[in-house]
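The data block below is run22.cif; it holds mmCIF, C-alpha atoms.
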data_run
loop_
_atom_site.label_atom_id
_atom_site.label_comp_id
_atom_site.auth_asym_id
_atom_site.auth_seq_id
_atom_site.Cartn_x
_atom_site.Cartn_y
_atom_site.Cartn_z
CA MET D 360 17.20 -6.40 92.59
CA GLU D 361 20.13 -7.51 90.45
CA LEU D 362 21.17 -11.13 90.06
CA CYS D 363 24.33 -12.59 88.57
CA VAL D 364 25.34 -16.24 88.58
CA GLN D 365 29.01 -16.78 89.24
CA GLU D 366 30.77 -19.34 87.06
CA GLU D 367 31.62 -21.42 90.13
CA THR D 368 27.93 -21.58 91.05
CA PHE D 369 27.07 -22.54 87.49
CA HIS D 370 29.48 -25.48 87.57
CA HIS D 371 28.21 -26.63 90.95
CA CYS D 372 24.60 -26.56 89.72
CA CYS D 373 25.67 -28.52 86.65
CA GLN D 374 27.28 -31.17 88.86
CA LEU D 375 24.06 -31.56 90.83
CA LEU D 376 22.03 -31.76 87.63
CA LEU D 377 24.37 -34.48 86.35
CA GLN D 378 23.93 -36.47 89.55
CA GLN D 379 20.16 -36.27 89.24
CA SER D 380 20.29 -37.07 85.52
CA GLU D 381 22.22 -40.23 86.30
CA GLN D 382 19.58 -41.29 88.83
CA LEU D 383 16.77 -40.57 86.36
CA ARG D 384 18.70 -41.88 83.35
CA ASP D 385 17.95 -38.64 81.55
CA GLY D 386 21.08 -38.61 79.39
CA TRP D 387 22.94 -35.42 80.37
CA SER D 388 26.74 -35.53 80.26
CA TRP D 389 29.63 -33.09 80.78
CA GLU D 390 31.85 -32.52 77.76
CA SER D 391 35.27 -31.00 78.40
CA VAL D 392 37.10 -29.03 75.73
CA GLN D 393 40.66 -30.22 75.00
CA GLY D 394 40.98 -31.85 78.40
CA SER D 395 40.53 -28.56 80.29
CA GLN D 396 37.97 -27.62 82.93
CA VAL D 397 36.12 -25.58 80.31
CA GLY D 398 33.14 -27.48 79.02
CA TYR D 399 29.38 -27.75 78.72
CA LEU D 400 26.40 -29.95 79.49
CA ARG D 401 25.22 -32.05 76.56
CA LYS D 402 22.14 -34.12 75.77
CA THR D 403 20.69 -35.65 72.61
CA ALA D 404 17.06 -36.55 72.00
CA LEU D 405 14.86 -37.81 69.20
CA ARG D 406 11.70 -35.84 68.47
CA SER D 407 8.90 -36.51 66.03
CA VAL D 408 7.96 -33.19 64.45
CA ASP D 409 6.09 -31.73 61.53
CA ILE D 410 8.33 -28.98 60.21
CA ASN D 411 5.93 -28.13 57.38
CA SER D 412 2.78 -27.31 59.36
CA SER D 413 4.66 -25.58 62.19
CA SER D 414 3.55 -28.09 64.81
CA VAL D 415 5.54 -29.44 67.68
CA TRP D 416 5.30 -33.06 68.74
CA ASP D 417 5.90 -35.26 71.73
CA GLN D 418 9.47 -36.17 72.48
CA VAL D 419 9.62 -39.79 71.31
CA GLY D 420 13.00 -40.77 72.64
CA SER D 421 16.23 -39.63 74.22
CA SER D 422 19.55 -41.05 75.18
CA SER D 423 17.74 -42.71 78.09
CA ASP D 424 14.50 -42.96 80.07
CA SER D 425 13.58 -39.67 81.77
CA GLY D 426 11.58 -41.29 84.57
CA SER D 427 8.20 -40.50 86.05
CA HIS D 428 6.67 -37.03 85.69
CA THR D 429 5.24 -36.66 89.19
CA VAL D 430 3.73 -33.22 89.84
CA CYS D 431 4.66 -31.59 93.13
CA HIS D 432 3.17 -28.50 94.71
CA GLN D 433 6.48 -26.65 94.94
CA GLN D 434 7.16 -27.04 91.23
CA GLN D 435 3.67 -25.79 90.38
CA GLN D 436 4.38 -22.61 92.36
CA GLU D 437 7.72 -22.08 90.63
CA LYS D 438 6.15 -22.71 87.24
CA SER D 439 3.45 -20.13 87.95
CA ALA D 440 6.07 -17.54 88.81
CA LEU D 441 8.06 -18.35 85.70
CA VAL D 442 5.06 -18.19 83.38
CA ALA D 443 3.95 -14.88 84.86
CA SER D 444 7.38 -13.35 84.47
CA PHE D 445 7.61 -14.66 80.92
CA ASP D 446 4.42 -12.77 79.98
CA ALA D 447 2.80 -16.04 78.99
CA ASP D 448 -0.42 -15.91 80.99
CA ASN D 449 -2.42 -17.69 78.35
CA ILE D 450 0.16 -20.15 77.10
CA GLU D 451 -0.90 -23.01 79.35
CA GLU D 452 -4.59 -22.49 78.57
CA ASP D 453 -3.90 -22.30 74.85
CA ILE D 454 -1.82 -25.46 74.91
CA ALA D 455 -4.43 -27.26 77.01
CA ASP D 456 -7.05 -26.35 74.40
CA ASP D 457 -4.74 -27.86 71.80
CA ASP D 458 -5.32 -31.41 73.14
CA GLY D 459 -2.68 -31.19 75.83
CA GLY D 460 -0.21 -29.36 73.63
CA VAL D 461 0.15 -32.27 71.21
CA CYS D 462 -0.98 -31.60 67.65
CA SER D 463 -2.25 -34.46 65.53
CA VAL D 464 -1.84 -34.79 61.77
CA SER D 465 -1.38 -37.68 59.42
CA LYS D 466 1.59 -39.95 59.94
CA ASP D 467 2.93 -39.06 56.52
CA SER D 468 3.71 -35.49 57.66
CA ARG D 469 5.80 -36.54 60.64
CA GLU D 470 9.56 -36.68 60.61
CA VAL D 471 11.86 -37.96 63.33
CA LEU D 472 14.71 -35.55 64.05
CA GLN D 473 17.73 -35.75 66.30
CA TYR D 474 18.31 -32.75 68.56
CA GLU D 475 21.55 -31.96 70.35
CA TYR D 476 21.37 -29.57 73.32
CA HIS D 477 24.31 -27.80 74.99
CA ILE D 478 24.25 -25.66 78.15
CA LEU D 479 27.14 -23.19 78.42
CA TYR D 480 28.04 -20.40 80.80
CA SER D 481 27.99 -16.88 79.39
CA CYS D 482 30.61 -14.63 80.94
CA SER D 483 29.01 -11.62 79.24
CA TYR D 484 25.57 -12.15 80.80
CA SER D 485 26.62 -14.23 83.84
CA THR D 486 23.87 -16.74 83.02
CA PRO D 487 23.49 -20.17 81.41
CA VAL D 488 22.84 -20.21 77.66
CA LEU D 489 21.11 -22.95 75.68
CA TYR D 490 22.65 -23.89 72.33
CA PHE D 491 21.15 -26.58 70.13
CA ARG D 492 21.08 -28.04 66.63
CA ALA D 493 18.84 -30.51 64.83
CA PHE D 494 19.35 -33.09 62.10
CA THR D 495 17.25 -35.46 60.05
CA LEU D 496 18.08 -39.13 60.45
CA GLU D 497 19.87 -38.84 57.09
CA GLY D 498 22.21 -36.24 58.60
CA ARG D 499 20.81 -33.04 57.03
CA SER D 500 20.93 -29.99 59.32
CA LEU D 501 17.71 -28.06 59.84
CA SER D 502 17.56 -24.48 58.64
CA LEU D 503 16.61 -21.61 60.93
CA GLU D 504 13.18 -21.49 59.26
CA GLU D 505 12.62 -25.19 59.93
CA VAL D 506 13.68 -24.79 63.55
CA TRP D 507 11.21 -21.93 63.99
CA SER D 508 8.44 -24.10 62.52
CA SER D 509 9.07 -26.78 65.17
CA VAL D 510 8.34 -24.33 68.01
CA HIS D 511 4.80 -24.53 69.36
CA PRO D 512 2.77 -21.67 67.81
CA ASN D 513 1.90 -20.21 71.22
CA PHE D 514 5.58 -19.86 72.13
CA ARG D 515 6.66 -18.87 68.62
CA ILE D 516 4.45 -15.80 68.46
CA ARG D 517 5.89 -14.40 71.68
CA LEU D 518 9.47 -15.20 70.72
CA GLN D 519 9.15 -13.61 67.29
CA ASN D 520 7.63 -10.48 68.83
CA SER D 521 10.63 -10.13 71.14
CA PRO D 522 13.75 -9.77 68.96
CA LEU D 523 16.19 -9.85 71.87
CA ASN D 524 14.66 -13.01 73.33
CA THR D 525 14.57 -15.21 70.28
CA ILE D 526 16.16 -18.09 68.40
CA THR D 527 19.18 -17.12 66.33
CA GLN D 528 22.01 -18.94 64.62
CA GLN D 529 25.43 -18.37 66.17
CA GLU D 530 28.86 -19.94 66.21
CA HIS D 531 29.30 -22.25 69.17
CA PRO D 532 31.81 -20.40 71.41
CA LEU D 533 33.68 -23.60 72.33
CA LEU D 534 33.33 -25.74 69.21
CA GLY D 535 33.37 -23.09 66.49
CA GLN D 536 30.44 -24.78 64.72
CA PRO D 537 27.08 -23.31 63.71
CA PHE D 538 24.42 -23.77 66.40
CA PHE D 539 21.07 -22.22 67.25
CA MET D 540 20.71 -20.41 70.55
CA LEU D 541 18.14 -18.70 72.75
CA HIS D 542 19.33 -15.18 73.52
CA PRO D 543 20.07 -14.85 77.28
CA CYS D 544 19.39 -11.14 77.75
CA LYS D 545 16.05 -11.70 79.56
CA THR D 546 17.29 -14.49 81.83
CA GLU D 547 17.79 -12.30 84.89
CA GLU D 548 14.34 -10.80 84.45
CA PHE D 549 12.37 -14.06 84.45
CA MET D 550 14.54 -15.78 87.07
CA LYS D 551 14.18 -13.08 89.74
CA PRO D 552 10.64 -14.00 90.89
CA VAL D 553 11.55 -17.69 91.05
CA LEU D 554 14.54 -17.10 93.30
CA GLN D 555 12.55 -14.64 95.41
CA LEU D 556 9.80 -17.23 95.91
CA ALA D 557 12.35 -19.87 96.90
CA GLN D 558 13.99 -17.45 99.33
CA ASP D 559 10.67 -16.55 100.93
CA GLN D 560 9.82 -20.24 101.39
CA HIS D 561 13.35 -21.24 102.42
CA ARG D 562 13.57 -23.84 99.68
CA PRO D 563 16.58 -24.92 97.61
CA VAL D 564 16.68 -24.01 93.94
CA ASN D 565 19.15 -25.30 91.41
CA TYR D 566 19.50 -22.23 89.19
CA VAL D 567 20.52 -24.15 86.06
CA LEU D 568 17.76 -26.72 86.47
CA THR D 569 15.04 -24.14 87.10
CA TRP D 570 16.24 -21.97 84.23
CA LEU D 571 16.22 -25.02 81.94
CA SER D 572 12.63 -25.84 82.89
CA VAL D 573 11.67 -22.45 81.39
CA VAL D 574 13.75 -22.23 78.22
CA GLY D 575 13.92 -25.94 77.36
CA PRO D 576 10.25 -26.45 76.39
CA LEU D 577 10.51 -23.57 73.90
CA VAL D 578 12.72 -25.80 71.74
CA GLY D 579 11.23 -29.17 72.62
CA LEU D 580 13.38 -30.01 75.64
CA ASP D 581 11.19 -30.88 78.60
CA VAL D 582 12.52 -31.27 82.14
CA PRO D 583 10.99 -34.19 84.08
CA LEU D 584 9.37 -33.01 87.31
CA MET D 585 11.15 -35.83 89.14
CA TYR D 586 14.24 -33.60 89.09
CA PHE D 587 12.57 -31.28 91.57
CA THR D 588 11.55 -34.06 93.96
CA LEU D 589 15.22 -35.10 94.15
CA LEU D 590 16.48 -31.58 94.82
CA LEU D 591 18.48 -31.40 98.06
CA PRO D 592 19.65 -28.30 99.98
CA SER D 593 23.05 -26.96 99.01
CA PRO D 594 24.80 -23.67 99.82
CA ALA D 595 25.41 -23.05 96.11
CA LEU D 596 21.76 -23.30 95.04
CA LEU D 597 20.86 -19.67 95.73
CA SER D 598 17.88 -20.62 97.89
CA ASN D 599 18.67 -18.90 101.16
CA ASN D 600 21.04 -16.26 99.85
CA LYS D 601 19.42 -12.98 98.93
CA PRO D 602 20.31 -11.92 95.36
CA ASN D 603 22.49 -8.84 95.18
#
Would you kindly transcribe this structure into structure tokens?
Amino acid sequence: MELCVQEETFHHCCQLLLQQSEQLRDGWSWESVQGSQVGYLRKTALRSVDINSSSVWDQVGSSSDSGSHTVCHQQQQEKSALVASFDADNIEEDIADDDGGVCSVSKDSREVLQYEYHILYSCSYSTPVLYFRAFTLEGRSLSLEEVWSSVHPNFRIRLQNSPLNTITQQEHPLLGQPFFMLHPCKTEEFMKPVLQLAQDQHRPVNYVLTWLSVVGPLVGLDVPLMYFTLLLPSPALLSNNKPN
């Protein structure tokens, strides 16, 4: 089963995500390039991290309140499919053993960083791609090594053992500035079971939103579960259309 996301579908999913973000005050915006229709989704967030001991911390702030994190049965099913396809069977158990995934060290080792996340469409892979960069509050950019150290150890091990599905530094295709990115070559592989599950259950799925719920947490960007309770049927959401 082969799956490609058309650019038109990508933009429609982004529009729906923006509508939900506005309701949840989650801070996503659409940034156009030179007044054209070409653009990207953008969000900034503050995170308290320990870049020295390779620990990841709770997100302490964002451009706005992300709303309640209500768990729903449908999202739990999708998450299970995503985790299985990501070969991360033990990630949730490992994180749960780590006091809910939140490490605790002395306050002196914490540092508040500002992250900037961009979601772009890749014509080469026909998928969304997550670009991001991070700064200290003094304006210093984080190095690739420091970014790697902010990834939760359970995720970092799997990413580093998969060279084509990893964090790299690339030039932003629209801005021409250095950004970090998660390589999109495995996107089709881990999204297939999610879309198949949605098709079998006749449920709507926003491709961009569901994809983001998988890749975002790898770099500290969590997706509130309230997004999925607000999801409404739409012909562009790939829920009832069988992937080619």
Notebook entry, point to check: CA of Lys545 (chain D) and CA of Arg401 (chain D) are how many Å apart?
Noted result: 22.5 Å
Please enumerate the residues selected by the PyMOL selection byres ((chain D and resi 503) around 9) when evaluated against the supplied file, formatted as a compact mmCIF listing (two decimals) with C-alpha atoms, in the coordinates of the input.
# COMPACT_ATOMS: atom_id res chain seq x y z
CA LEU D 501 17.71 -28.06 59.84
CA SER D 502 17.56 -24.48 58.64
CA GLU D 504 13.18 -21.49 59.26
CA GLU D 505 12.62 -25.19 59.93
CA VAL D 506 13.68 -24.79 63.55
CA TRP D 507 11.21 -21.93 63.99
CA SER D 508 8.44 -24.10 62.52
CA ILE D 526 16.16 -18.09 68.40
CA THR D 527 19.18 -17.12 66.33
CA GLN D 528 22.01 -18.94 64.62
CA PHE D 539 21.07 -22.22 67.25
Next item on the list: May I ask for the distance between CA of Met540 (chain D) and CA of Arg492 (chain D), given in Å to one decimal place?
Entry: 8.6 Å
Next item on the list: Name every residue that the PyMOL selection byres ((chain D and resi 566) around 8) selects in this structure, writing the answer as a PyMOL selection string with chains first and numbers rising.
Entry: chain D and resi 369+372+564-565+567-570+596-597
Could you please take those selected residues and save C-alpha atoms as a CSV table (one decimal), in the frame of the given file?
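For reference, selection-v1.csv as written:
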chain,number,residue,atom,x,y,z
D,369,PHE,CA,27.1,-22.5,87.5
D,372,CYS,CA,24.6,-26.6,89.7
D,564,VAL,CA,16.7,-24.0,93.9
D,565,ASN,CA,19.2,-25.3,91.4
D,567,VAL,CA,20.5,-24.2,86.1
D,568,LEU,CA,17.8,-26.7,86.5
D,569,THR,CA,15.0,-24.1,87.1
D,570,TRP,CA,16.2,-22.0,84.2
D,596,LEU,CA,21.8,-23.3,95.0
D,597,LEU,CA,20.9,-19.7,95.7
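Between CA of Ile478 (chain D) and CA of Thr546 (chain D) there is a distance of 13.7 Å.
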Set up a box along x, y and z of the file covering all listed atoms of region 390-403 of chain D, add 6 Å on every one of the six sides, and write the centre and edge lengths in Å to one decimal, as AutoDock Vina command-line options.
--center_x 30.8 --center_y -30.6 --center_z 77.8 --size_x 32.3 --size_y 22.1 --size_z 22.3
Next item on the list: Go through D:Phe491, D:Ile516, D:Ser481, D:Phe549 one by one, measure the shortest atom-to-atom distance of each to Pro537 (chain D) using all atoms listed in the file, and give the residue with the smallest value.
Entry: D:Phe491
Margin query: From the options D:Tyr476, D:Asp409, D:Gln365, D:Pro563, which residue's atoms come nearest to Gly386 (chain D), counting all atoms listed in the file?
Written below: D:Tyr476
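For the choices D:Arg406, D:His561, D:His371, D:Arg384, the atom-to-atom distance to Leu496 (chain D) is smallest for D:Arg406 when using all atoms listed in the file.
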Item checked: All residues 8 Å or closer to region 395-399 of chain D, all atoms listed in the file, same chain fewer than 2 positions away omitted, as a list in words -> Trp389, Glu390, Ser391, Val392, Gln393, Arg401, His477, Ile478, Leu479, Tyr480 and Leu533 of chain D
Margin query: Can you spell out as a PyMOL selection string the set of residues that the PyMOL selection byres ((chain D and resi 497) around 12) selects in the structure I just provided?
Written below: chain D and resi 470-473+493-496+498-501
Notebook entry, point to check: Which residue out of D:Val582, D:Val510, D:Leu577, D:Val488 has the minimum interatomic distance to Cys544 (chain D) when all atoms listed in the file are used?
Noted result: D:Val488
